[in-house]
>>> print(open('my_file.pdb').read())   # PDB, C-alpha atoms
ATOM      1  CA  MET Y   8       0.000   0.000   0.000  1.00  0.00           C
ATOM      2  CA  SER Y   9       1.130   3.537  -0.683  1.00  0.00           C
ATOM      3  CA  ARG Y  10       1.707   6.015   2.131  1.00  0.00           C
ATOM      4  CA  ASP Y  11       1.373   9.784   2.518  1.00  0.00           C
ATOM      5  CA  LEU Y  12       4.383  11.299   4.235  1.00  0.00           C
ATOM      6  CA  VAL Y  13       5.316  14.848   5.181  1.00  0.00           C
ATOM      7  CA  ILE Y  14       8.761  16.245   5.918  1.00  0.00           C
ATOM      8  CA  GLY Y  15       9.805  19.354   7.818  1.00  0.00           C
ATOM      9  CA  ASP Y  16      12.220  22.116   6.848  1.00  0.00           C
ATOM     10  CA  ILE Y  17      15.248  20.533   5.154  1.00  0.00           C
ATOM     11  CA  HIS Y  18      17.526  23.596   4.889  1.00  0.00           C
ATOM     12  CA  GLY Y  19      20.136  22.022   2.631  1.00  0.00           C
ATOM     13  CA  ASN Y  20      20.619  19.060   4.972  1.00  0.00           C
ATOM     14  CA  TYR Y  21      21.002  16.351   2.342  1.00  0.00           C
ATOM     15  CA  LYS Y  22      22.646  13.882   4.696  1.00  0.00           C
ATOM     16  CA  GLY Y  23      19.672  14.129   7.047  1.00  0.00           C
ATOM     17  CA  LEU Y  24      17.262  13.821   4.126  1.00  0.00           C
ATOM     18  CA  VAL Y  25      18.887  10.573   2.991  1.00  0.00           C
ATOM     19  CA  GLN Y  26      18.709   9.197   6.536  1.00  0.00           C
ATOM     20  CA  CYS Y  27      15.004  10.045   6.822  1.00  0.00           C
ATOM     21  CA  ILE Y  28      14.262   8.386   3.492  1.00  0.00           C
ATOM     22  CA  GLU Y  29      16.172   5.256   4.456  1.00  0.00           C
ATOM     23  CA  ARG Y  30      14.782   5.032   8.003  1.00  0.00           C
ATOM     24  CA  SER Y  31      11.173   5.528   6.912  1.00  0.00           C
ATOM     25  CA  GLY Y  32      11.524   2.923   4.164  1.00  0.00           C
ATOM     26  CA  ILE Y  33       9.777   5.298   1.784  1.00  0.00           C
ATOM     27  CA  ASN Y  34       9.016   3.976  -1.687  1.00  0.00           C
ATOM     28  CA  LYS Y  35       9.772   6.618  -4.304  1.00  0.00           C
ATOM     29  CA  LYS Y  36       7.537   4.895  -6.843  1.00  0.00           C
ATOM     30  CA  LYS Y  37       4.461   4.452  -4.647  1.00  0.00           C
ATOM     31  CA  ASP Y  38       4.537   6.837  -1.685  1.00  0.00           C
ATOM     32  CA  ARG Y  39       3.723  10.536  -1.754  1.00  0.00           C
ATOM     33  CA  ILE Y  40       5.909  13.068   0.029  1.00  0.00           C
ATOM     34  CA  THR Y  41       4.958  16.643   0.923  1.00  0.00           C
ATOM     35  CA  VAL Y  42       7.770  19.072   1.741  1.00  0.00           C
ATOM     36  CA  LEU Y  43       6.666  21.792   4.159  1.00  0.00           C
ATOM     37  CA  GLY Y  44       9.031  24.412   2.755  1.00  0.00           C
ATOM     38  CA  ASP Y  45      12.487  25.872   3.343  1.00  0.00           C
ATOM     39  CA  ILE Y  46      14.394  23.278   1.388  1.00  0.00           C
ATOM     40  CA  VAL Y  47      17.102  25.939   0.893  1.00  0.00           C
ATOM     41  CA  ASP Y  48      19.439  27.940   3.143  1.00  0.00           C
ATOM     42  CA  GLY Y  49      21.408  26.527   6.005  1.00  0.00           C
ATOM     43  CA  TYR Y  50      23.546  23.511   5.158  1.00  0.00           C
ATOM     44  CA  PRO Y  51      25.472  23.288   1.882  1.00  0.00           C
ATOM     45  CA  ASP Y  52      23.666  20.600  -0.139  1.00  0.00           C
ATOM     46  CA  VAL Y  53      20.602  22.400  -1.510  1.00  0.00           C
ATOM     47  CA  TYR Y  54      21.226  21.183  -5.050  1.00  0.00           C
ATOM     48  CA  LYS Y  55      21.313  17.550  -3.915  1.00  0.00           C
ATOM     49  CA  CYS Y  56      18.199  17.994  -1.765  1.00  0.00           C
ATOM     50  CA  ILE Y  57      16.143  19.265  -4.696  1.00  0.00           C
ATOM     51  CA  GLU Y  58      17.375  16.475  -6.951  1.00  0.00           C
ATOM     52  CA  GLU Y  59      16.426  13.940  -4.281  1.00  0.00           C
ATOM     53  CA  ILE Y  60      12.876  15.277  -3.880  1.00  0.00           C
ATOM     54  CA  MET Y  61      12.381  15.440  -7.638  1.00  0.00           C
ATOM     55  CA  SER Y  62      13.360  11.772  -7.869  1.00  0.00           C
ATOM     56  CA  PHE Y  63      10.006  10.853  -6.288  1.00  0.00           C
ATOM     57  CA  ASP Y  64       7.189   9.989  -8.659  1.00  0.00           C
ATOM     58  CA  ASP Y  65       4.700  11.807  -6.421  1.00  0.00           C
ATOM     59  CA  TYR Y  66       5.793  14.849  -4.449  1.00  0.00           C
ATOM     60  CA  ALA Y  67       4.445  18.239  -3.419  1.00  0.00           C
ATOM     61  CA  PHE Y  68       6.476  21.266  -2.421  1.00  0.00           C
ATOM     62  CA  ILE Y  69       5.194  24.172  -0.331  1.00  0.00           C
ATOM     63  CA  LEU Y  70       7.032  27.471  -0.606  1.00  0.00           C
ATOM     64  CA  GLY Y  71       8.689  28.671   2.588  1.00  0.00           C
ATOM     65  CA  ASN Y  72      10.000  32.125   3.406  1.00  0.00           C
ATOM     66  CA  HIS Y  73      13.593  31.111   2.621  1.00  0.00           C
ATOM     67  CA  ASP Y  74      12.464  29.524  -0.632  1.00  0.00           C
ATOM     68  CA  ASN Y  75      10.730  32.780  -1.505  1.00  0.00           C
ATOM     69  CA  TRP Y  76      13.980  34.684  -0.964  1.00  0.00           C
ATOM     70  CA  PHE Y  77      15.676  32.253  -3.337  1.00  0.00           C
ATOM     71  CA  LEU Y  78      12.863  32.688  -5.850  1.00  0.00           C
ATOM     72  CA  ASP Y  79      13.394  36.463  -5.710  1.00  0.00           C
ATOM     73  CA  TYR Y  80      17.037  35.852  -6.539  1.00  0.00           C
ATOM     74  CA  ILE Y  81      16.139  33.543  -9.430  1.00  0.00           C
ATOM     75  CA  GLN Y  82      13.484  35.791 -10.943  1.00  0.00           C
ATOM     76  CA  LYS Y  83      14.782  39.275 -10.115  1.00  0.00           C
ATOM     77  CA  ASP Y  84      18.452  38.773  -9.264  1.00  0.00           C
ATOM     78  CA  TYR Y  85      17.543  40.280  -5.897  1.00  0.00           C
ATOM     79  CA  ARG Y  86      20.173  39.450  -3.301  1.00  0.00           C
ATOM     80  CA  ASN Y  87      18.633  40.208   0.058  1.00  0.00           C
ATOM     81  CA  TYR Y  88      21.335  40.728   2.682  1.00  0.00           C
ATOM     82  CA  ASN Y  89      19.201  39.079   5.361  1.00  0.00           C
ATOM     83  CA  TRP Y  90      18.846  36.080   3.081  1.00  0.00           C
ATOM     84  CA  ILE Y  91      22.591  35.853   2.452  1.00  0.00           C
ATOM     85  CA  ILE Y  92      23.509  35.884   6.141  1.00  0.00           C
ATOM     86  CA  GLN Y  93      20.701  33.442   7.046  1.00  0.00           C
ATOM     87  CA  GLY Y  94      21.894  30.622   4.839  1.00  0.00           C
ATOM     88  CA  GLY Y  95      21.606  32.073   1.353  1.00  0.00           C
ATOM     89  CA  TRP Y  96      25.366  32.023   0.942  1.00  0.00           C
ATOM     90  CA  ASN Y  97      25.448  28.241   1.227  1.00  0.00           C
ATOM     91  CA  THR Y  98      22.527  27.950  -1.198  1.00  0.00           C
ATOM     92  CA  LEU Y  99      24.435  29.944  -3.807  1.00  0.00           C
ATOM     93  CA  LYS Y 100      27.555  27.954  -3.026  1.00  0.00           C
ATOM     94  CA  SER Y 101      25.709  24.683  -3.712  1.00  0.00           C
ATOM     95  CA  TYR Y 102      25.195  25.945  -7.276  1.00  0.00           C
ATOM     96  CA  ASN Y 103      28.805  27.125  -7.569  1.00  0.00           C
ATOM     97  CA  PHE Y 104      27.406  30.678  -7.656  1.00  0.00           C
ATOM     98  CA  LYS Y 105      25.842  29.974 -11.056  1.00  0.00           C
ATOM     99  CA  ARG Y 106      22.228  30.140 -12.172  1.00  0.00           C
ATOM    100  CA  PRO Y 107      20.252  27.041 -11.146  1.00  0.00           C
ATOM    101  CA  PRO Y 108      19.177  24.620 -13.905  1.00  0.00           C
ATOM    102  CA  GLN Y 109      15.747  25.147 -15.403  1.00  0.00           C
ATOM    103  CA  THR Y 110      14.369  22.055 -13.673  1.00  0.00           C
ATOM    104  CA  HIS Y 111      15.185  23.606 -10.303  1.00  0.00           C
ATOM    105  CA  ILE Y 112      13.766  26.974 -11.294  1.00  0.00           C
ATOM    106  CA  ALA Y 113      10.509  25.270 -12.279  1.00  0.00           C
ATOM    107  CA  PHE Y 114      10.537  23.403  -8.954  1.00  0.00           C
ATOM    108  CA  PHE Y 115      10.264  26.725  -7.117  1.00  0.00           C
ATOM    109  CA  GLU Y 116       8.038  28.531  -9.585  1.00  0.00           C
ATOM    110  CA  GLU Y 117       5.488  25.713  -9.506  1.00  0.00           C
ATOM    111  CA  ALA Y 118       5.429  25.397  -5.712  1.00  0.00           C
ATOM    112  CA  ASN Y 119       2.262  25.710  -3.632  1.00  0.00           C
ATOM    113  CA  TYR Y 120       1.636  28.146  -0.787  1.00  0.00           C
ATOM    114  CA  LEU Y 121      -0.585  25.640   0.961  1.00  0.00           C
ATOM    115  CA  ILE Y 122      -2.251  22.309   0.260  1.00  0.00           C
ATOM    116  CA  GLU Y 123      -5.626  21.070   1.470  1.00  0.00           C
ATOM    117  CA  ASP Y 124      -6.265  17.325   1.486  1.00  0.00           C
ATOM    118  CA  SER Y 125     -10.011  16.736   1.664  1.00  0.00           C
ATOM    119  CA  GLU Y 126      -9.597  12.973   1.992  1.00  0.00           C
ATOM    120  CA  THR Y 127      -7.611  13.209   5.237  1.00  0.00           C
ATOM    121  CA  LYS Y 128      -9.045  16.601   6.259  1.00  0.00           C
ATOM    122  CA  SER Y 129      -5.499  17.949   6.513  1.00  0.00           C
ATOM    123  CA  LEU Y 130      -3.864  21.270   5.744  1.00  0.00           C
ATOM    124  CA  PHE Y 131      -0.187  21.670   4.889  1.00  0.00           C
ATOM    125  CA  VAL Y 132       1.387  25.127   5.136  1.00  0.00           C
ATOM    126  CA  HIS Y 133       4.843  26.465   5.896  1.00  0.00           C
ATOM    127  CA  GLY Y 134       4.260  29.224   8.420  1.00  0.00           C
ATOM    128  CA  GLY Y 135       0.637  29.536   9.424  1.00  0.00           C
ATOM    129  CA  PHE Y 136      -2.682  31.066   8.430  1.00  0.00           C
ATOM    130  CA  ASP Y 137      -5.565  33.101   9.781  1.00  0.00           C
ATOM    131  CA  TYR Y 138      -8.097  30.440  10.719  1.00  0.00           C
ATOM    132  CA  ASN Y 139     -10.786  33.122  10.984  1.00  0.00           C
ATOM    133  CA  LYS Y 140     -10.602  33.738   7.233  1.00  0.00           C
ATOM    134  CA  PRO Y 141     -11.484  31.427   4.343  1.00  0.00           C
ATOM    135  CA  ILE Y 142      -8.499  29.827   2.651  1.00  0.00           C
ATOM    136  CA  GLU Y 143      -9.005  31.793  -0.567  1.00  0.00           C
ATOM    137  CA  SER Y 144      -8.650  35.069   1.401  1.00  0.00           C
ATOM    138  CA  GLN Y 145      -5.328  34.255   3.072  1.00  0.00           C
ATOM    139  CA  ASN Y 146      -2.391  36.644   2.883  1.00  0.00           C
ATOM    140  CA  ILE Y 147       0.477  34.919   1.067  1.00  0.00           C
ATOM    141  CA  LEU Y 148       3.096  36.430   3.371  1.00  0.00           C
ATOM    142  CA  ASP Y 149       1.244  35.027   6.387  1.00  0.00           C
ATOM    143  CA  LEU Y 150       1.339  31.566   4.839  1.00  0.00           C
ATOM    144  CA  MET Y 151       5.126  31.783   4.660  1.00  0.00           C
ATOM    145  CA  TRP Y 152       5.988  33.887   7.713  1.00  0.00           C
ATOM    146  CA  ASP Y 153       3.244  33.658  10.351  1.00  0.00           C
ATOM    147  CA  ARG Y 154       4.082  32.302  13.797  1.00  0.00           C
ATOM    148  CA  THR Y 155       0.819  33.274  15.477  1.00  0.00           C
ATOM    149  CA  LEU Y 156      -0.830  29.921  14.905  1.00  0.00           C
ATOM    150  CA  ILE Y 157       1.903  27.874  16.549  1.00  0.00           C
ATOM    151  CA  ASP Y 158       2.045  30.286  19.490  1.00  0.00           C
ATOM    152  CA  GLN Y 159      -1.709  30.021  19.972  1.00  0.00           C
ATOM    153  CA  ALA Y 160      -1.562  26.246  19.636  1.00  0.00           C
ATOM    154  CA  TRP Y 161       1.176  26.127  22.262  1.00  0.00           C
ATOM    155  CA  ASN Y 162      -0.937  28.211  24.624  1.00  0.00           C
ATOM    156  CA  LYS Y 163      -3.894  25.851  24.096  1.00  0.00           C
ATOM    157  CA  ARG Y 164      -1.854  22.655  24.336  1.00  0.00           C
ATOM    158  CA  ASN Y 165      -3.312  19.852  26.415  1.00  0.00           C
ATOM    159  CA  THR Y 166      -6.808  20.966  25.431  1.00  0.00           C
ATOM    160  CA  ASN Y 167      -9.242  19.667  22.819  1.00  0.00           C
ATOM    161  CA  TYR Y 168      -9.317  22.982  20.971  1.00  0.00           C
ATOM    162  CA  LYS Y 169      -9.483  22.640  17.187  1.00  0.00           C
ATOM    163  CA  PHE Y 170      -8.169  25.264  14.786  1.00  0.00           C
ATOM    164  CA  ALA Y 171     -10.377  25.555  11.695  1.00  0.00           C
ATOM    165  CA  ASN Y 172     -12.158  22.570  10.206  1.00  0.00           C
ATOM    166  CA  TYR Y 173      -9.179  20.259   9.847  1.00  0.00           C
ATOM    167  CA  ASP Y 174      -8.260  17.078  11.634  1.00  0.00           C
ATOM    168  CA  ASN Y 175      -4.573  17.887  11.184  1.00  0.00           C
ATOM    169  CA  ILE Y 176      -2.608  21.021  10.333  1.00  0.00           C
ATOM    170  CA  PHE Y 177       1.029  20.384   9.429  1.00  0.00           C
ATOM    171  CA  LEU Y 178       3.442  23.306   9.898  1.00  0.00           C
ATOM    172  CA  GLY Y 179       7.117  24.016   9.355  1.00  0.00           C
ATOM    173  CA  HIS Y 180       8.912  27.365   9.777  1.00  0.00           C
ATOM    174  CA  THR Y 181       9.113  27.567  13.583  1.00  0.00           C
ATOM    175  CA  THR Y 182      11.600  25.093  14.963  1.00  0.00           C
ATOM    176  CA  THR Y 183      10.441  22.991  17.878  1.00  0.00           C
ATOM    177  CA  GLU Y 184      13.786  23.863  19.458  1.00  0.00           C
ATOM    178  CA  SER Y 185      12.067  27.142  20.402  1.00  0.00           C
ATOM    179  CA  TYR Y 186       9.808  25.062  22.641  1.00  0.00           C
ATOM    180  CA  GLY Y 187      12.546  22.903  24.120  1.00  0.00           C
ATOM    181  CA  SER Y 188      12.299  19.861  21.840  1.00  0.00           C
ATOM    182  CA  ILE Y 189      13.841  18.332  18.737  1.00  0.00           C
ATOM    183  CA  LYS Y 190      10.870  16.022  18.262  1.00  0.00           C
ATOM    184  CA  PRO Y 191       7.611  16.842  16.442  1.00  0.00           C
ATOM    185  CA  LEU Y 192       5.107  18.700  18.590  1.00  0.00           C
ATOM    186  CA  ASN Y 193       1.396  17.910  18.545  1.00  0.00           C
ATOM    187  CA  LEU Y 194      -0.468  20.965  19.840  1.00  0.00           C
ATOM    188  CA  CYS Y 195      -4.247  20.545  19.590  1.00  0.00           C
ATOM    189  CA  ASN Y 196      -4.774  19.604  15.910  1.00  0.00           C
ATOM    190  CA  VAL Y 197      -1.491  21.252  14.876  1.00  0.00           C
ATOM    191  CA  TRP Y 198       1.624  19.223  14.086  1.00  0.00           C
ATOM    192  CA  CYS Y 199       4.923  21.132  14.146  1.00  0.00           C
ATOM    193  CA  LEU Y 200       7.539  19.364  12.035  1.00  0.00           C
ATOM    194  CA  ASP Y 201      10.427  21.812  11.845  1.00  0.00           C
ATOM    195  CA  THR Y 202      12.637  19.990  14.340  1.00  0.00           C
ATOM    196  CA  GLY Y 203      15.766  22.033  13.695  1.00  0.00           C
ATOM    197  CA  ALA Y 204      17.383  20.397  10.656  1.00  0.00           C
ATOM    198  CA  GLY Y 205      18.768  23.784   9.629  1.00  0.00           C
ATOM    199  CA  TRP Y 206      20.059  24.630  13.086  1.00  0.00           C
ATOM    200  CA  ASN Y 207      21.028  22.251  15.884  1.00  0.00           C
ATOM    201  CA  GLY Y 208      18.285  19.639  15.737  1.00  0.00           C
ATOM    202  CA  LYS Y 209      17.145  16.845  13.446  1.00  0.00           C
ATOM    203  CA  LEU Y 210      15.168  16.391  10.237  1.00  0.00           C
ATOM    204  CA  THR Y 211      11.805  14.650  10.624  1.00  0.00           C
ATOM    205  CA  ILE Y 212       9.567  12.730   8.227  1.00  0.00           C
ATOM    206  CA  MET Y 213       6.094  11.582   9.320  1.00  0.00           C
ATOM    207  CA  ASP Y 214       3.343   9.289   8.069  1.00  0.00           C
ATOM    208  CA  ILE Y 215       0.344  11.631   8.107  1.00  0.00           C
ATOM    209  CA  ASN Y 216      -2.134   8.828   8.788  1.00  0.00           C
ATOM    210  CA  THR Y 217      -0.402   6.826  11.524  1.00  0.00           C
ATOM    211  CA  LYS Y 218       1.702   9.738  12.894  1.00  0.00           C
ATOM    212  CA  GLU Y 219       4.707   7.429  13.054  1.00  0.00           C
ATOM    213  CA  TYR Y 220       7.849   9.442  12.410  1.00  0.00           C
ATOM    214  CA  TRP Y 221      11.528   8.955  11.699  1.00  0.00           C
ATOM    215  CA  GLN Y 222      14.391  11.342  12.321  1.00  0.00           C
ATOM    216  CA  SER Y 223      17.916  11.950  11.119  1.00  0.00           C
ATOM    217  CA  ASP Y 224      20.933  12.233  13.355  1.00  0.00           C
ATOM    218  CA  ILE Y 225      21.608  15.624  14.912  1.00  0.00           C
ATOM    219  CA  VAL Y 226      22.679  17.929  12.125  1.00  0.00           C
ATOM    220  CA  LYS Y 227      25.906  19.040  13.786  1.00  0.00           C
ATOM    221  CA  GLU Y 228      27.001  15.407  13.790  1.00  0.00           C
ATOM    222  CA  LEU Y 229      26.289  15.158  10.070  1.00  0.00           C
ATOM    223  CA  TYR Y 230      28.101  18.412   9.206  1.00  0.00           C
ATOM    224  CA  PRO Y 231      30.616  18.817  12.051  1.00  0.00           C
ATOM    225  CA  ASP Y 232      32.964  21.155  10.210  1.00  0.00           C
ATOM    226  CA  MET Y 233      30.456  23.434   8.522  1.00  0.00           C
ATOM    227  CA  LYS Y 234      30.636  27.092   9.379  1.00  0.00           C
ATOM    228  CA  LEU Y 235      28.715  29.944   7.808  1.00  0.00           C
ATOM    229  CA  ILE Y 236      31.204  32.745   7.349  1.00  0.00           C
ATOM    230  CA  ILE Y 237      30.094  35.911   5.613  1.00  0.00           C
ATOM    231  CA  ASN Y 238      32.394  38.886   5.663  1.00  0.00           C
ATOM    232  CA  LYS Y 239      32.087  42.299   4.065  1.00  0.00           C
ATOM    233  CA  GLU Y 240      34.191  41.336   1.072  1.00  0.00           C
ATOM    234  CA  SER Y 241      32.113  38.200   0.399  1.00  0.00           C
ATOM    235  CA  TRP Y 242      28.899  40.209   0.495  1.00  0.00           C
ATOM    236  CA  GLN Y 243      30.250  42.953  -1.749  1.00  0.00           C
ATOM    237  CA  SER Y 244      31.270  40.373  -4.360  1.00  0.00           C
ATOM    238  CA  LEU Y 245      27.586  39.511  -4.791  1.00  0.00           C
ATOM    239  CA  VAL Y 246      26.186  43.038  -4.960  1.00  0.00           C
TER     240      VAL Y 246
END
>>> encode(input="my_file.pdb", output="structure tokens")
Amino acid sequence: MSRDLVIGDIHGNYKGLVQCIERSGINKKKDRITVLGDIVDGYPDVYKCIEEIMSFDDYAFILGNHDNWFLDYIQKDYRNYNWIIQGGWNTLKSYNFKRPPQTHIAFFEEANYLIEDSETKSLFVHGGFDYNKPIESQNILDLMWDRTLIDQAWNKRNTNYKFANYDNIFLGHTTTESYGSIKPLNLCNVWCLDTGAGWNGKLTIMDINTKEYWQSDIVKELYPDMKLIINKESWQSLV
């Protein structure tokens, strides 16, 4: 039988991605994988991560705020300084500071801002959304950047409160490290799957039906020598 799986923010952590794929026993021909955004920025293997996701027969990609910065670079040659110092340098480095191939450009340009699954009554979004508004009226920036939903879910944890008309809402964007954990957090009907793969935690993949999950090793163990060094001269060479 095929499975539906969802994976948190990858942030260029190809080694963790491979471990999650192997440990979950995912079948690239049969299973579906949904990426909750921020595949770029952080660790240095963005190119490999995108190739790996595109090797699945059935995948969905949701645009995260870091992905949107990269898309601005691709489409407008806009090199946001905040992006560069928050992992963008390693994203550019993974492409040898050259323009990404057209297949990768299409990967970002064809991404979703959110996905509703009526069969499982699930919503997949990177940042959050205003559950008091209909989906078609959502602000795109909120979908990528919002942290209100996870904060409210944390405040209502250990209750039966339900946000919107979904059985499950899967989020990335806000690392569970902020709440003292490197495991997925289930807060009401919200599942938080950014477990710090771009920082000091782990990458997580989850079966959306059974809620079984698998994690990579701690990222610092996978990339022990990686340092993000941006100096004035490096930045000026890109302007």
>>> resolve_selection(input="my_file.pdb", expression="the PyMOL selection byres ((chain Y and resi 86) around 9)", output="PyMOL selection string")
chain Y and resi 76-77+79-80+83-85+87-91+95+245-246
>>> axis_aligned_box(input="my_file.pdb", around="stretch 41-54 of chain Y", padding_each_side="5 Å", output="JSON")
{"center_x": 15.2, "center_y": 22.3, "center_z": 0.5, "size_x": 30.5, "size_y": 21.3, "size_z": 21.1}
>>> residues_around(input="my_file.pdb", residues="stretch 213-228 of chain Y", least_positions_apart="4", cutoff="6 Å", atoms="all atoms listed in the file", output="list in words")
Asp11, Leu12, Val13, Gly23, Gln26, Cys27, Ser31, Asn207, Gly208 and Lys209 of chain Y
>>> residues_around(input="my_file.pdb", residues="stretch 43-48 of chain Y", least_positions_apart="5", cutoff="7 Å", atoms="only C-alpha atoms", output="ChimeraX atom specification")
/Y:14-19,53,68-74,93-95,97-98,131-133,178-179
>>> atom_distance(input="my_file.pdb", atom1="atom CA of Y:Pro107", atom2="atom CA of Y:Tyr21")
17.2 Å
>>> residues_around(input="my_file.pdb", residues="Y:Trp152", least_positions_apart="2", cutoff="10 Å", atoms="all atoms listed in the file", output="list in words")
Gly71, Asn72, His73, His133, Gly134, Gly135, Phe136, Ile147, Leu148, Asp149, Leu150, Arg154, Thr155, His180 and Thr181 of chain Y
>>> resolve_selection(input="my_file.pdb", expression="the PyMOL selection byres ((chain Y and resi 106) around 12)", output="PyMOL selection string")
chain Y and resi 54+77-78+80-84+98-105+107-112
>>> atom_distance(input="my_file.pdb", atom1="atom CA of Y:Pro51", atom2="atom CA of Y:Asn75")
17.9 Å
